[in-house]
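Structure first, commentary second.
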Amino acid sequence: MADITLQQAQEKVDQWIRTYGVRYFNELTNMTILTEEVGELARIMARTYGEQSFKESDKNRDLGDEMADVLWVLICLANQTGVDLTAAFEKNMQKKTSRDKERHINNNKL
């Protein structure tokens, strides 16, 4: 698969939902699913990069797949709430740059 933009990802998810998913789950259900998916990602991170050991049921989990699950549900939420992720990301980058352009450079802890 070639590189895709955030807008294209939003369109692909929407098309998949309309073709195979019947409809979007409601926003609250998707928010709960997002929390669940972040938890699954956290579990893999804790076992891969943290101090926890893997349980047998965790050994075949794929970090990229878990991240993609989080992204999928986030895109669903953006689609159903009318958020343009490209515009939101650009605005967020500008906010971070304006707010933090010297903060980290001047952080003696880094």
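Every chain in the structure tokens takes a letter, A first, then B, and so on in the order presented; its residues are numbered from 1, and the ligands are numbered from 1 following the presented order.
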If DSSP is run on the backbone, what residues of chain A are helix (DSSP H, G or I)? A reply as a PDB file with N, CA and C atoms, in the first residue's frame would be ideal.
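The resulting file, out.pdb, is shown below:
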ATOM      1  N   LEU A   6      -3.949  11.671   5.879  1.00  0.00           N
ATOM      2  CA  LEU A   6      -4.984  11.525   6.902  1.00  0.00           C
ATOM      3  C   LEU A   6      -6.368  11.594   6.271  1.00  0.00           C
ATOM      4  N   GLN A   7      -6.541  12.501   5.320  1.00  0.00           N
ATOM      5  CA  GLN A   7      -7.838  12.620   4.641  1.00  0.00           C
ATOM      6  C   GLN A   7      -8.181  11.315   3.932  1.00  0.00           C
ATOM      7  N   GLN A   8      -7.213  10.722   3.248  1.00  0.00           N
ATOM      8  CA  GLN A   8      -7.468   9.456   2.559  1.00  0.00           C
ATOM      9  C   GLN A   8      -7.785   8.346   3.561  1.00  0.00           C
ATOM     10  N   ALA A   9      -7.106   8.359   4.698  1.00  0.00           N
ATOM     11  CA  ALA A   9      -7.393   7.359   5.735  1.00  0.00           C
ATOM     12  C   ALA A   9      -8.822   7.531   6.236  1.00  0.00           C
ATOM     13  N   GLN A  10      -9.237   8.764   6.444  1.00  0.00           N
ATOM     14  CA  GLN A  10     -10.612   9.011   6.885  1.00  0.00           C
ATOM     15  C   GLN A  10     -11.611   8.517   5.840  1.00  0.00           C
ATOM     16  N   GLU A  11     -11.312   8.757   4.583  1.00  0.00           N
ATOM     17  CA  GLU A  11     -12.196   8.298   3.511  1.00  0.00           C
ATOM     18  C   GLU A  11     -12.230   6.767   3.431  1.00  0.00           C
ATOM     19  N   LYS A  12     -11.060   6.130   3.587  1.00  0.00           N
ATOM     20  CA  LYS A  12     -11.001   4.660   3.523  1.00  0.00           C
ATOM     21  C   LYS A  12     -11.796   4.014   4.655  1.00  0.00           C
ATOM     22  N   VAL A  13     -11.656   4.550   5.844  1.00  0.00           N
ATOM     23  CA  VAL A  13     -12.401   4.013   6.986  1.00  0.00           C
ATOM     24  C   VAL A  13     -13.897   4.203   6.754  1.00  0.00           C
ATOM     25  N   ASP A  14     -14.286   5.381   6.300  1.00  0.00           N
ATOM     26  CA  ASP A  14     -15.700   5.641   6.057  1.00  0.00           C
ATOM     27  C   ASP A  14     -16.260   4.678   5.005  1.00  0.00           C
ATOM     28  N   GLN A  15     -15.515   4.471   3.939  1.00  0.00           N
ATOM     29  CA  GLN A  15     -15.965   3.546   2.887  1.00  0.00           C
ATOM     30  C   GLN A  15     -16.074   2.125   3.426  1.00  0.00           C
ATOM     31  N   TRP A  16     -15.122   1.712   4.252  1.00  0.00           N
ATOM     32  CA  TRP A  16     -15.172   0.373   4.830  1.00  0.00           C
ATOM     33  C   TRP A  16     -16.408   0.218   5.719  1.00  0.00           C
ATOM     34  N   ILE A  17     -16.647   1.217   6.553  1.00  0.00           N
ATOM     35  CA  ILE A  17     -17.814   1.174   7.442  1.00  0.00           C
ATOM     36  C   ILE A  17     -19.092   1.050   6.613  1.00  0.00           C
ATOM     37  N   ARG A  18     -19.214   1.849   5.573  1.00  0.00           N
ATOM     38  CA  ARG A  18     -20.419   1.837   4.753  1.00  0.00           C
ATOM     39  C   ARG A  18     -20.560   0.540   3.948  1.00  0.00           C
ATOM     40  N   THR A  19     -19.443  -0.099   3.614  1.00  0.00           N
ATOM     41  CA  THR A  19     -19.478  -1.325   2.821  1.00  0.00           C
ATOM     42  C   THR A  19     -19.636  -2.572   3.690  1.00  0.00           C
ATOM     43  N   TYR A  20     -18.866  -2.649   4.774  1.00  0.00           N
ATOM     44  CA  TYR A  20     -18.820  -3.877   5.579  1.00  0.00           C
ATOM     45  C   TYR A  20     -19.350  -3.718   6.994  1.00  0.00           C
ATOM     46  N   GLY A  21     -19.311  -2.523   7.504  1.00  0.00           N
ATOM     47  CA  GLY A  21     -19.620  -2.317   8.910  1.00  0.00           C
ATOM     48  C   GLY A  21     -21.063  -1.985   9.216  1.00  0.00           C
ATOM     49  N   GLU A  27     -20.942   7.283  19.224  1.00  0.00           N
ATOM     50  CA  GLU A  27     -19.711   7.934  19.684  1.00  0.00           C
ATOM     51  C   GLU A  27     -19.250   7.419  21.042  1.00  0.00           C
ATOM     52  N   LEU A  28     -20.175   7.208  21.946  1.00  0.00           N
ATOM     53  CA  LEU A  28     -19.791   6.718  23.266  1.00  0.00           C
ATOM     54  C   LEU A  28     -19.234   5.297  23.187  1.00  0.00           C
ATOM     55  N   THR A  29     -19.848   4.455  22.378  1.00  0.00           N
ATOM     56  CA  THR A  29     -19.322   3.092  22.183  1.00  0.00           C
ATOM     57  C   THR A  29     -17.923   3.158  21.592  1.00  0.00           C
ATOM     58  N   ASN A  30     -17.728   4.003  20.577  1.00  0.00           N
ATOM     59  CA  ASN A  30     -16.399   4.107  19.971  1.00  0.00           C
ATOM     60  C   ASN A  30     -15.373   4.683  20.938  1.00  0.00           C
ATOM     61  N   MET A  31     -15.788   5.604  21.802  1.00  0.00           N
ATOM     62  CA  MET A  31     -14.852   6.134  22.802  1.00  0.00           C
ATOM     63  C   MET A  31     -14.430   5.026  23.754  1.00  0.00           C
ATOM     64  N   THR A  32     -15.357   4.177  24.120  1.00  0.00           N
ATOM     65  CA  THR A  32     -15.041   3.050  25.000  1.00  0.00           C
ATOM     66  C   THR A  32     -14.136   2.056  24.296  1.00  0.00           C
ATOM     67  N   ILE A  33     -14.412   1.794  23.021  1.00  0.00           N
ATOM     68  CA  ILE A  33     -13.557   0.893  22.238  1.00  0.00           C
ATOM     69  C   ILE A  33     -12.154   1.478  22.107  1.00  0.00           C
ATOM     70  N   LEU A  34     -12.065   2.798  21.902  1.00  0.00           N
ATOM     71  CA  LEU A  34     -10.750   3.447  21.825  1.00  0.00           C
ATOM     72  C   LEU A  34      -9.972   3.227  23.111  1.00  0.00           C
ATOM     73  N   THR A  35     -10.639   3.371  24.230  1.00  0.00           N
ATOM     74  CA  THR A  35      -9.989   3.155  25.530  1.00  0.00           C
ATOM     75  C   THR A  35      -9.500   1.715  25.639  1.00  0.00           C
ATOM     76  N   GLU A  36     -10.315   0.786  25.195  1.00  0.00           N
ATOM     77  CA  GLU A  36      -9.928  -0.627  25.208  1.00  0.00           C
ATOM     78  C   GLU A  36      -8.706  -0.870  24.326  1.00  0.00           C
ATOM     79  N   GLU A  37      -8.713  -0.292  23.131  1.00  0.00           N
ATOM     80  CA  GLU A  37      -7.587  -0.483  22.210  1.00  0.00           C
ATOM     81  C   GLU A  37      -6.300   0.152  22.753  1.00  0.00           C
ATOM     82  N   VAL A  38      -6.412   1.317  23.385  1.00  0.00           N
ATOM     83  CA  VAL A  38      -5.235   1.948  24.002  1.00  0.00           C
ATOM     84  C   VAL A  38      -4.703   1.046  25.113  1.00  0.00           C
ATOM     85  N   GLY A  39      -5.602   0.414  25.854  1.00  0.00           N
ATOM     86  CA  GLY A  39      -5.181  -0.528  26.893  1.00  0.00           C
ATOM     87  C   GLY A  39      -4.421  -1.703  26.325  1.00  0.00           C
ATOM     88  N   GLU A  40      -4.877  -2.217  25.183  1.00  0.00           N
ATOM     89  CA  GLU A  40      -4.169  -3.333  24.540  1.00  0.00           C
ATOM     90  C   GLU A  40      -2.786  -2.887  24.065  1.00  0.00           C
ATOM     91  N   LEU A  41      -2.699  -1.677  23.540  1.00  0.00           N
ATOM     92  CA  LEU A  41      -1.403  -1.120  23.137  1.00  0.00           C
ATOM     93  C   LEU A  41      -0.498  -0.959  24.357  1.00  0.00           C
ATOM     94  N   ALA A  42      -1.053  -0.453  25.446  1.00  0.00           N
ATOM     95  CA  ALA A  42      -0.276  -0.256  26.675  1.00  0.00           C
ATOM     96  C   ALA A  42       0.254  -1.581  27.202  1.00  0.00           C
ATOM     97  N   ARG A  43      -0.551  -2.625  27.117  1.00  0.00           N
ATOM     98  CA  ARG A  43      -0.131  -3.956  27.575  1.00  0.00           C
ATOM     99  C   ARG A  43       1.113  -4.427  26.816  1.00  0.00           C
ATOM    100  N   ILE A  44       1.103  -4.264  25.490  1.00  0.00           N
ATOM    101  CA  ILE A  44       2.247  -4.678  24.676  1.00  0.00           C
ATOM    102  C   ILE A  44       3.464  -3.798  24.982  1.00  0.00           C
ATOM    103  N   MET A  45       3.255  -2.497  25.147  1.00  0.00           N
ATOM    104  CA  MET A  45       4.358  -1.595  25.465  1.00  0.00           C
ATOM    105  C   MET A  45       4.977  -1.949  26.811  1.00  0.00           C
ATOM    106  N   ALA A  46       4.140  -2.238  27.808  1.00  0.00           N
ATOM    107  CA  ALA A  46       4.636  -2.569  29.147  1.00  0.00           C
ATOM    108  C   ALA A  46       5.459  -3.846  29.130  1.00  0.00           C
ATOM    109  N   ARG A  47       5.078  -4.773  28.283  1.00  0.00           N
ATOM    110  CA  ARG A  47       5.781  -6.051  28.229  1.00  0.00           C
ATOM    111  C   ARG A  47       7.011  -6.000  27.323  1.00  0.00           C
ATOM    112  N   THR A  48       6.944  -5.177  26.287  1.00  0.00           N
ATOM    113  CA  THR A  48       8.072  -5.075  25.357  1.00  0.00           C
ATOM    114  C   THR A  48       9.145  -4.127  25.872  1.00  0.00           C
ATOM    115  N   GLU A  56       1.444 -15.817  28.115  1.00  0.00           N
ATOM    116  CA  GLU A  56       1.370 -16.640  26.907  1.00  0.00           C
ATOM    117  C   GLU A  56       0.428 -16.004  25.876  1.00  0.00           C
ATOM    118  N   SER A  57      -0.692 -15.441  26.345  1.00  0.00           N
ATOM    119  CA  SER A  57      -1.685 -14.855  25.437  1.00  0.00           C
ATOM    120  C   SER A  57      -1.209 -13.552  24.783  1.00  0.00           C
ATOM    121  N   ASP A  58      -0.142 -12.959  25.299  1.00  0.00           N
ATOM    122  CA  ASP A  58       0.374 -11.704  24.747  1.00  0.00           C
ATOM    123  C   ASP A  58       1.498 -11.907  23.736  1.00  0.00           C
ATOM    124  N   LEU A  63       2.738  -5.030  17.729  1.00  0.00           N
ATOM    125  CA  LEU A  63       2.709  -3.639  18.167  1.00  0.00           C
ATOM    126  C   LEU A  63       2.088  -2.731  17.108  1.00  0.00           C
ATOM    127  N   GLY A  64       2.503  -2.894  15.860  1.00  0.00           N
ATOM    128  CA  GLY A  64       1.957  -2.068  14.780  1.00  0.00           C
ATOM    129  C   GLY A  64       0.469  -2.269  14.604  1.00  0.00           C
ATOM    130  N   ASP A  65       0.022  -3.509  14.723  1.00  0.00           N
ATOM    131  CA  ASP A  65      -1.403  -3.804  14.601  1.00  0.00           C
ATOM    132  C   ASP A  65      -2.191  -3.153  15.727  1.00  0.00           C
ATOM    133  N   GLU A  66      -1.637  -3.171  16.929  1.00  0.00           N
ATOM    134  CA  GLU A  66      -2.318  -2.524  18.063  1.00  0.00           C
ATOM    135  C   GLU A  66      -2.391  -1.011  17.853  1.00  0.00           C
ATOM    136  N   MET A  67      -1.320  -0.415  17.329  1.00  0.00           N
ATOM    137  CA  MET A  67      -1.346   1.022  17.025  1.00  0.00           C
ATOM    138  C   MET A  67      -2.366   1.326  15.943  1.00  0.00           C
ATOM    139  N   ALA A  68      -2.445   0.466  14.938  1.00  0.00           N
ATOM    140  CA  ALA A  68      -3.415   0.658  13.858  1.00  0.00           C
ATOM    141  C   ALA A  68      -4.846   0.545  14.380  1.00  0.00           C
ATOM    142  N   ASP A  69      -5.078  -0.340  15.349  1.00  0.00           N
ATOM    143  CA  ASP A  69      -6.411  -0.437  15.956  1.00  0.00           C
ATOM    144  C   ASP A  69      -6.791   0.880  16.633  1.00  0.00           C
ATOM    145  N   VAL A  70      -5.838   1.478  17.343  1.00  0.00           N
ATOM    146  CA  VAL A  70      -6.087   2.771  17.997  1.00  0.00           C
ATOM    147  C   VAL A  70      -6.398   3.830  16.941  1.00  0.00           C
ATOM    148  N   LEU A  71      -5.593   3.867  15.895  1.00  0.00           N
ATOM    149  CA  LEU A  71      -5.786   4.842  14.817  1.00  0.00           C
ATOM    150  C   LEU A  71      -7.141   4.646  14.147  1.00  0.00           C
ATOM    151  N   TRP A  72      -7.524   3.408  13.902  1.00  0.00           N
ATOM    152  CA  TRP A  72      -8.805   3.091  13.261  1.00  0.00           C
ATOM    153  C   TRP A  72      -9.971   3.704  14.045  1.00  0.00           C
ATOM    154  N   VAL A  73     -10.007   3.441  15.336  1.00  0.00           N
ATOM    155  CA  VAL A  73     -11.133   3.921  16.139  1.00  0.00           C
ATOM    156  C   VAL A  73     -11.078   5.444  16.263  1.00  0.00           C
ATOM    157  N   LEU A  74      -9.890   6.010  16.357  1.00  0.00           N
ATOM    158  CA  LEU A  74      -9.763   7.467  16.394  1.00  0.00           C
ATOM    159  C   LEU A  74     -10.304   8.083  15.103  1.00  0.00           C
ATOM    160  N   ILE A  75     -10.000   7.463  13.983  1.00  0.00           N
ATOM    161  CA  ILE A  75     -10.525   7.939  12.698  1.00  0.00           C
ATOM    162  C   ILE A  75     -12.046   7.808  12.661  1.00  0.00           C
ATOM    163  N   CYS A  76     -12.569   6.713  13.180  1.00  0.00           N
ATOM    164  CA  CYS A  76     -14.034   6.567  13.250  1.00  0.00           C
ATOM    165  C   CYS A  76     -14.645   7.725  14.034  1.00  0.00           C
ATOM    166  N   LEU A  77     -14.069   8.031  15.185  1.00  0.00           N
ATOM    167  CA  LEU A  77     -14.584   9.132  16.004  1.00  0.00           C
ATOM    168  C   LEU A  77     -14.486  10.465  15.264  1.00  0.00           C
ATOM    169  N   ALA A  78     -13.384  10.673  14.560  1.00  0.00           N
ATOM    170  CA  ALA A  78     -13.235  11.917  13.792  1.00  0.00           C
ATOM    171  C   ALA A  78     -14.305  11.996  12.709  1.00  0.00           C
ATOM    172  N   ASN A  79     -14.501  10.905  12.008  1.00  0.00           N
ATOM    173  CA  ASN A  79     -15.502  10.903  10.935  1.00  0.00           C
ATOM    174  C   ASN A  79     -16.895  11.204  11.462  1.00  0.00           C
ATOM    175  N   GLN A  80     -17.260  10.556  12.545  1.00  0.00           N
ATOM    176  CA  GLN A  80     -18.632  10.712  13.002  1.00  0.00           C
ATOM    177  C   GLN A  80     -18.881  12.008  13.769  1.00  0.00           C
ATOM    178  N   THR A  81     -17.825  12.705  14.165  1.00  0.00           N
ATOM    179  CA  THR A  81     -17.991  13.995  14.838  1.00  0.00           C
ATOM    180  C   THR A  81     -17.623  15.171  13.939  1.00  0.00           C
ATOM    181  N   LEU A  85      -9.086  15.512  10.394  1.00  0.00           N
ATOM    182  CA  LEU A  85      -7.844  15.231  11.123  1.00  0.00           C
ATOM    183  C   LEU A  85      -6.641  15.968  10.543  1.00  0.00           C
ATOM    184  N   THR A  86      -6.639  16.207   9.240  1.00  0.00           N
ATOM    185  CA  THR A  86      -5.528  16.953   8.642  1.00  0.00           C
ATOM    186  C   THR A  86      -5.482  18.362   9.211  1.00  0.00           C
ATOM    187  N   ALA A  87      -6.617  19.042   9.202  1.00  0.00           N
ATOM    188  CA  ALA A  87      -6.681  20.405   9.734  1.00  0.00           C
ATOM    189  C   ALA A  87      -6.395  20.419  11.228  1.00  0.00           C
ATOM    190  N   ALA A  88      -6.940  19.442  11.952  1.00  0.00           N
ATOM    191  CA  ALA A  88      -6.723  19.382  13.401  1.00  0.00           C
ATOM    192  C   ALA A  88      -5.254  19.133  13.721  1.00  0.00           C
ATOM    193  N   PHE A  89      -4.606  18.255  12.943  1.00  0.00           N
ATOM    194  CA  PHE A  89      -3.188  17.958  13.163  1.00  0.00           C
ATOM    195  C   PHE A  89      -2.330  19.196  12.881  1.00  0.00           C
ATOM    196  N   GLU A  90      -2.604  19.880  11.776  1.00  0.00           N
ATOM    197  CA  GLU A  90      -1.832  21.084  11.443  1.00  0.00           C
ATOM    198  C   GLU A  90      -1.992  22.151  12.525  1.00  0.00           C
ATOM    199  N   LYS A  91      -3.212  22.348  12.982  1.00  0.00           N
ATOM    200  CA  LYS A  91      -3.476  23.335  14.039  1.00  0.00           C
ATOM    201  C   LYS A  91      -2.757  22.931  15.325  1.00  0.00           C
ATOM    202  N   ASN A  92      -2.762  21.642  15.639  1.00  0.00           N
ATOM    203  CA  ASN A  92      -2.104  21.151  16.842  1.00  0.00           C
ATOM    204  C   ASN A  92      -0.587  21.317  16.753  1.00  0.00           C
ATOM    205  N   MET A  93      -0.015  21.080  15.582  1.00  0.00           N
ATOM    206  CA  MET A  93       1.429  21.280  15.405  1.00  0.00           C
ATOM    207  C   MET A  93       1.803  22.746  15.596  1.00  0.00           C
ATOM    208  N   GLN A  94       0.978  23.642  15.061  1.00  0.00           N
ATOM    209  CA  GLN A  94       1.236  25.077  15.241  1.00  0.00           C
ATOM    210  C   GLN A  94       1.163  25.450  16.714  1.00  0.00           C
ATOM    211  N   LYS A  95       0.182  24.914  17.417  1.00  0.00           N
ATOM    212  CA  LYS A  95       0.027  25.194  18.854  1.00  0.00           C
ATOM    213  C   LYS A  95       1.260  24.708  19.614  1.00  0.00           C
ATOM    214  N   LYS A  96       1.674  23.488  19.340  1.00  0.00           N
ATOM    215  CA  LYS A  96       2.836  22.930  20.035  1.00  0.00           C
ATOM    216  C   LYS A  96       4.105  23.720  19.721  1.00  0.00           C
ATOM    217  N   THR A  97       4.274  24.104  18.479  1.00  0.00           N
ATOM    218  CA  THR A  97       5.458  24.863  18.087  1.00  0.00           C
ATOM    219  C   THR A  97       5.479  26.219  18.777  1.00  0.00           C
ATOM    220  N   SER A  98       4.359  26.891  18.767  1.00  0.00           N
ATOM    221  CA  SER A  98       4.277  28.200  19.410  1.00  0.00           C
ATOM    222  C   SER A  98       4.506  28.090  20.919  1.00  0.00           C
ATOM    223  N   ARG A  99       3.883  27.122  21.536  1.00  0.00           N
ATOM    224  CA  ARG A  99       3.940  26.977  22.994  1.00  0.00           C
ATOM    225  C   ARG A  99       5.278  26.411  23.465  1.00  0.00           C
ATOM    226  N   ASP A 100       5.832  25.467  22.721  1.00  0.00           N
ATOM    227  CA  ASP A 100       6.969  24.691  23.225  1.00  0.00           C
ATOM    228  C   ASP A 100       8.266  24.885  22.450  1.00  0.00           C
TER     229      ASP A 100
END
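Separating CA of Tyr49 in chain A from CA of Asp3 in chain A is a distance of 27.7 Å.
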